[in-house]
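Undergrad: Below is the structure I would like to discuss, written out as structure tokens.
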Amino acid sequence: MRIRIIIITAILLSSHFSMAMTADSARVAPFHLSFITPLGTNGLDSWNTVNNFSLNLFAGFSGGLEGVEVGGFANGLRGDMRGVQIAGFCNNTLGEAEGAEIAGFWNYNHKNVKGFQASGFANVAVGYVDGFQASGFANYARGTSFGQFSGFANLSTDKVYGVQASGFANVTTSNVKGLQGAGFANVAVGDIKGAQASGFANITTGRTEGLQASGFVNYSKYLKGVQVGFINFADSVEAGIPIGFLSFVKNGYLVMEIAGNESLLGAVSLKTGVRRFYNIISLGASIRDDRLLWGWGYGIGTMMPVTGRLSMSLEAISYHINEDTWYSGNINLLNRANLTIAYDLTPAFSIFAGPAMNVWITNVDSHGNPYTGVPFDSWTLYSRAHHRTEVVIYPGVSAGLRVKMN
């Protein structure tokens, strides 16, 4: 009940502040003491008086401040504030603010702030903040020159210069020049020049010039920099690189590959990302001593132009191999490093071939016998079983056809 009364009182005070007289302040008072306006030394002239020092035992409303104001519950100003406002619950300023606003629950400023706002719950600046906002829950400003720091969320409807840092999310409906850091997500409806870092997602609807790093997904329409995340999306990459488990670039590198090698007679692979760094998802199969060997693989690669229609690729891929079954629970890993040279027959089709090195790793039983036989052992360079694991190293070759899909 007490909390409800306090909140209702604060709302009534805020309404009273907003409906106050709009005439220019005509009086300056070096000292003001009140219990609740107009029960104070300024009486009915409070909202028409600029104070140098004001002490409100419960709540007070004045025409302005040039100095210090302390309120047990709330402070309100019809005009500008230059100095420091401190309140146990809230500060409300309808004019410009230059200095510091500090409150236990919220700070509200109807125009621009030059300095900072600090509160236990929320800060609101309808105009720009030339400084920073810090709160336990949320901050809102039209724009900021230094930063917004909150326990939950920050919102800016115009440019952010500096830092947005929150426990959950940051949203800017314009450009960012600096850093967005959030526990869950960052959103910039515009361009960002700097960095976005979050636990789950980063989204930039314009151009990212810098870094996007997240625990799961990144999106930028145009990327000039680096994306680091589990999944990355971009329409185009001007001079940068997406690094993750999967990266999809609309105007990037997307090919389907049909190939064969000494271990897997047939393999179909999807390669996506950019030429400097792409992801590989592959499915391959082979017959070995009347055994069906098949597996799925994941890898990464990079492509470098050589000259004209020639290019060179270096790739690393690991397959989990299953023998005569849909799934083998043992460790059966075929790890390959491929070096290939490709020749473009047309802009959409290429042929390639090159050497490879294989490292086969599988479990063995108590007698040293592998649960799954090596896919190819005619060129074995190294073979050893140790601690229930067999390792076999042998060279190989691969060749095939690539089809560009975008």
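Numbering starts fresh at 1 for the residues of each chain in the structure tokens, the chains themselves are lettered A, B, ... in the order given, and ligands are numbered from 1 as they appear.
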Give me, as a PyMOL selection string, all polymer residues having an atom no more than 10 Å from Asn51 of chain A, counting only C-alpha atoms and skipping those fewer than 2 positions away in the same chain.
TA: chain A and resi 27-32+42+46+48-49+53-55+62-69+81
Undergrad: Those residues you just picked out, can you put them in a file as an mmCIF file, in the first residue's frame with C-alpha atoms?
TA:
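result-v9.cif, freshly written:
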data_model
loop_
_atom_site.group_PDB
_atom_site.id
_atom_site.type_symbol
_atom_site.label_atom_id
_atom_site.label_comp_id
_atom_site.auth_asym_id
_atom_site.auth_seq_id
_atom_site.Cartn_x
_atom_site.Cartn_y
_atom_site.Cartn_z
ATOM 1 C CA ARG A 27 13.163 35.810 -9.408
ATOM 2 C CA VAL A 28 16.423 34.356 -8.073
ATOM 3 C CA ALA A 29 16.629 32.946 -4.553
ATOM 4 C CA PRO A 30 19.992 32.031 -2.989
ATOM 5 C CA PHE A 31 18.278 29.565 -0.619
ATOM 6 C CA HIS A 32 15.005 27.665 -0.673
ATOM 7 C CA ASN A 42 9.289 30.649 -1.879
ATOM 8 C CA SER A 46 8.257 28.672 -6.299
ATOM 9 C CA ASN A 48 8.630 31.328 -10.894
ATOM 10 C CA THR A 49 11.906 31.246 -8.930
ATOM 11 C CA PHE A 53 20.428 26.053 -3.248
ATOM 12 C CA SER A 54 17.156 24.228 -2.666
ATOM 13 C CA LEU A 55 16.270 21.705 0.038
ATOM 14 C CA SER A 62 10.724 25.489 -8.868
ATOM 15 C CA GLY A 63 11.248 27.652 -11.907
ATOM 16 C CA GLY A 64 14.884 26.618 -12.348
ATOM 17 C CA LEU A 65 18.154 25.805 -10.675
ATOM 18 C CA GLU A 66 21.628 27.297 -10.772
ATOM 19 C CA GLY A 67 23.401 25.392 -8.042
ATOM 20 C CA VAL A 68 22.317 22.412 -5.939
ATOM 21 C CA GLU A 69 18.924 20.903 -5.202
ATOM 22 C CA MET A 81 18.922 23.168 -14.502
#
Undergrad: Tell me, as a VMD selection string, which residues lie within 7 Å of Gly284 of chain A, counting only C-alpha atoms; anything in the same chain fewer than 4 positions away does not count.
TA: chain A and resid 264 266 to 268 294 to 296
Undergrad: I need the chosen residues saved as a compact mmCIF listing (two decimals), in the first residue's frame, with N, CA and C atoms.
TA:
# COMPACT_ATOMS: atom_id res chain seq x y z
N LEU A 264 36.64 -41.52 -50.11
CA LEU A 264 35.21 -41.42 -50.39
C LEU A 264 35.05 -41.27 -51.90
N GLY A 266 32.54 -40.84 -53.70
CA GLY A 266 31.63 -39.77 -54.09
C GLY A 266 31.32 -38.87 -52.90
N ALA A 267 31.34 -37.56 -53.12
CA ALA A 267 31.04 -36.60 -52.06
C ALA A 267 30.38 -35.37 -52.67
N VAL A 268 29.33 -34.91 -52.01
CA VAL A 268 28.63 -33.68 -52.41
C VAL A 268 28.81 -32.68 -51.28
N TRP A 294 30.02 -44.44 -45.10
CA TRP A 294 29.44 -43.16 -45.47
C TRP A 294 29.55 -42.22 -44.27
N GLY A 295 29.51 -40.92 -44.54
CA GLY A 295 29.63 -39.98 -43.44
C GLY A 295 29.31 -38.56 -43.84
N TRP A 296 29.13 -37.76 -42.82
CA TRP A 296 28.90 -36.33 -43.02
C TRP A 296 30.10 -35.56 -42.47
Undergrad: Excluding same-chain residues fewer than 5 positions from Gly60 of chain A, what lies within 7 Å of it counting only C-alpha atoms, as a list in words?
TA: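 Close residues of Gly60 of chain A: Ser34, Ile36, Thr37, Ala74, Asn75 and Gly76 of chain A.
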Undergrad: Selected residues, N, CA and C atoms, written as an mmCIF file, in the first residue's frame, please.
TA:
data_model
loop_
_atom_site.group_PDB
_atom_site.id
_atom_site.type_symbol
_atom_site.label_atom_id
_atom_site.label_comp_id
_atom_site.auth_asym_id
_atom_site.auth_seq_id
_atom_site.Cartn_x
_atom_site.Cartn_y
_atom_site.Cartn_z
ATOM 1 N N SER A 34 11.676 23.812 1.608
ATOM 2 C CA SER A 34 10.251 23.497 1.531
ATOM 3 C C SER A 34 9.996 22.080 2.031
ATOM 4 N N ILE A 36 6.722 20.538 0.868
ATOM 5 C CA ILE A 36 6.175 20.207 -0.442
ATOM 6 C C ILE A 36 5.592 21.498 -0.998
ATOM 7 N N THR A 37 5.924 21.835 -2.228
ATOM 8 C CA THR A 37 5.475 23.091 -2.828
ATOM 9 C C THR A 37 3.951 23.179 -2.778
ATOM 10 N N ALA A 74 11.155 13.982 -4.332
ATOM 11 C CA ALA A 74 11.142 14.406 -5.737
ATOM 12 C C ALA A 74 11.529 15.867 -5.881
ATOM 13 N N ASN A 75 12.164 16.162 -7.014
ATOM 14 C CA ASN A 75 12.473 17.518 -7.422
ATOM 15 C C ASN A 75 11.883 17.760 -8.803
ATOM 16 N N GLY A 76 11.374 18.980 -9.006
ATOM 17 C CA GLY A 76 10.854 19.323 -10.321
ATOM 18 C C GLY A 76 11.223 20.741 -10.701
#
Undergrad: Could you pull out the strand (DSSP E) residues of segment 99-128 of chain A from DSSP and send them as a list of chain:residue names?
TA: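 Answer for segment 99-128 of chain A restricted to strand (DSSP E) is A:Gly99, A:Ala100, A:Glu101, A:Ile102, A:Ala103, A:Trp106, A:Asn107, A:Tyr108, A:Asn109, A:Val113, A:Lys114, A:Gly115, A:Phe116, A:Gln117, A:Ala118, A:Ser119, A:Ala122, A:Asn123, A:Val124, A:Ala125, A:Val126, A:Gly127, A:Tyr128.
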Undergrad: Kindly indicate which residue among A:Asn369, A:Ser145, A:Gln196, A:Ser150 lies nearest to Ser119 of chain A, using only C-alpha atoms for the distances.
TA: A:Ser150
Undergrad: Which one is closest to Val359 of chain A: A:Gly181, A:Pro395, A:Gly373, A:Pro38? Count only C-alpha atoms.
TA: A:Pro395
Undergrad: Tell me, in Å to one decimal, how far atom CA of Ala342 of chain A is from atom CA of Val392 of chain A.
TA: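 So the two atoms, atom CA of Ala342 of chain A and atom CA of Val392 of chain A, lie 28.5 Å apart.
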Undergrad: Give me, as a PyMOL selection string, all polymer residues having an atom no more than 6 Å from Tyr253 of chain A, counting only C-alpha atoms and skipping those fewer than 4 positions away in the same chain.
TA: chain A and resi 272-275
Undergrad: Could you pull the residues within 6 Å of Gly178 of chain A, counting only C-alpha atoms, minus those fewer than 3 positions along the same chain, as a PyMOL selection string?
TA: chain A and resi 161-163+194
Undergrad: Go ahead and save the residues from that selection, with N, CA and C atoms, as an mmCIF file, in the first residue's frame.
TA:
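Written output follows (out25.cif):
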data_model
loop_
_atom_site.group_PDB
_atom_site.id
_atom_site.type_symbol
_atom_site.label_atom_id
_atom_site.label_comp_id
_atom_site.auth_asym_id
_atom_site.auth_seq_id
_atom_site.Cartn_x
_atom_site.Cartn_y
_atom_site.Cartn_z
ATOM 1 N N TYR A 161 27.140 8.323 -30.239
ATOM 2 C CA TYR A 161 28.597 8.436 -30.281
ATOM 3 C C TYR A 161 29.100 7.997 -28.909
ATOM 4 N N GLY A 162 29.813 6.903 -28.871
ATOM 5 C CA GLY A 162 30.300 6.414 -27.589
ATOM 6 C C GLY A 162 29.904 4.981 -27.350
ATOM 7 N N VAL A 163 29.306 4.712 -26.191
ATOM 8 C CA VAL A 163 29.064 3.333 -25.763
ATOM 9 C C VAL A 163 27.615 3.160 -25.352
ATOM 10 N N GLY A 194 32.424 0.867 -35.616
ATOM 11 C CA GLY A 194 32.929 0.494 -34.307
ATOM 12 C C GLY A 194 32.725 -0.990 -34.074
#
Undergrad: Find the residue from A:Ala188, A:Ile287, A:Leu381, A:Val124 that sits nearest to Thr205 of chain A; use only C-alpha atoms when measuring.
TA: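 Checking each of A:Ala188, A:Ile287, A:Leu381, A:Val124 against Thr205 of chain A, counting only C-alpha atoms, the winner is A:Ala188.
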Undergrad: Using DSSP on the backbone coordinates, identify all residues within segment 21-95 of chain A classified as helix (DSSP H, G or I); present the result as JSON, numbers by chain.
TA: {"A": [43, 44, 45, 46, 47, 48]}
Undergrad: If we count only C-alpha atoms, what is near Val187 of chain A at a cut-off of 9 Å, once residues fewer than 5 positions away on the same chain are taken out, given as a list in words?
TA: Ala169, Asn170, Val171, Thr172, Thr173, Gln180, Gln196, Ala201, Asn202, Ile203, Thr204 and Thr205 of chain A
Undergrad: Pull C-alpha atoms from the residues just selected and write them as an mmCIF file, in the first residue's frame.
TA:
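What landed in selection_13.cif:
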data_model
loop_
_atom_site.group_PDB
_atom_site.id
_atom_site.type_symbol
_atom_site.label_atom_id
_atom_site.label_comp_id
_atom_site.auth_asym_id
_atom_site.auth_seq_id
_atom_site.Cartn_x
_atom_site.Cartn_y
_atom_site.Cartn_z
ATOM 1 C CA ALA A 169 19.581 -5.180 -25.237
ATOM 2 C CA ASN A 170 20.610 -1.965 -26.975
ATOM 3 C CA VAL A 171 18.529 -0.399 -29.739
ATOM 4 C CA THR A 172 19.464 2.591 -31.880
ATOM 5 C CA THR A 173 17.170 3.727 -34.665
ATOM 6 C CA GLN A 180 27.226 -1.556 -28.455
ATOM 7 C CA GLN A 196 28.758 -4.725 -31.621
ATOM 8 C CA ALA A 201 22.532 -11.487 -31.699
ATOM 9 C CA ASN A 202 23.745 -8.338 -33.452
ATOM 10 C CA ILE A 203 21.722 -6.631 -36.184
ATOM 11 C CA THR A 204 22.762 -3.704 -38.367
ATOM 12 C CA THR A 205 20.370 -2.763 -41.144
#
Undergrad: Give me, please, the distance in Å between atom CA of Leu345 of chain A and atom CA of Met405 of chain A, quoted to one decimal.
TA: 14.9 Å
Undergrad: To one decimal place, how far is atom CA of Ala97 of chain A from atom CA of Val160 of chain A in Å?
TA: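 That distance, rounded to one decimal, is 18.9 Å.
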Undergrad: Could you name the residues that touch Ile243 of chain A at 7 Å or less, counting only C-alpha atoms, but leaving out those on the same chain fewer than 5 positions away, as a PDB file with C-alpha atoms, in the first residue's frame?
TA:
ATOM      1  CA  GLN A 227      31.718 -10.947 -38.149  1.00  0.00           C
ATOM      2  CA  VAL A 228      32.311 -13.592 -35.475  1.00  0.00           C
ATOM      3  CA  GLY A 229      29.354 -15.769 -34.550  1.00  0.00           C
TER       4      GLY A 229
END
Undergrad: For Tyr108 of chain A, which of A:Phe132, A:Tyr140, A:Tyr319, A:Trp326 is the closest residue, counting only C-alpha atoms?
TA: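 Looking only at the distances to Tyr108 of chain A, the closest residue turns out to be A:Tyr140.
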Undergrad: Nearest residue to Tyr327 of chain A out of A:Ala185, A:Val129, A:Ile86, A:Leu292, using only C-alpha atoms?
TA: A:Leu292
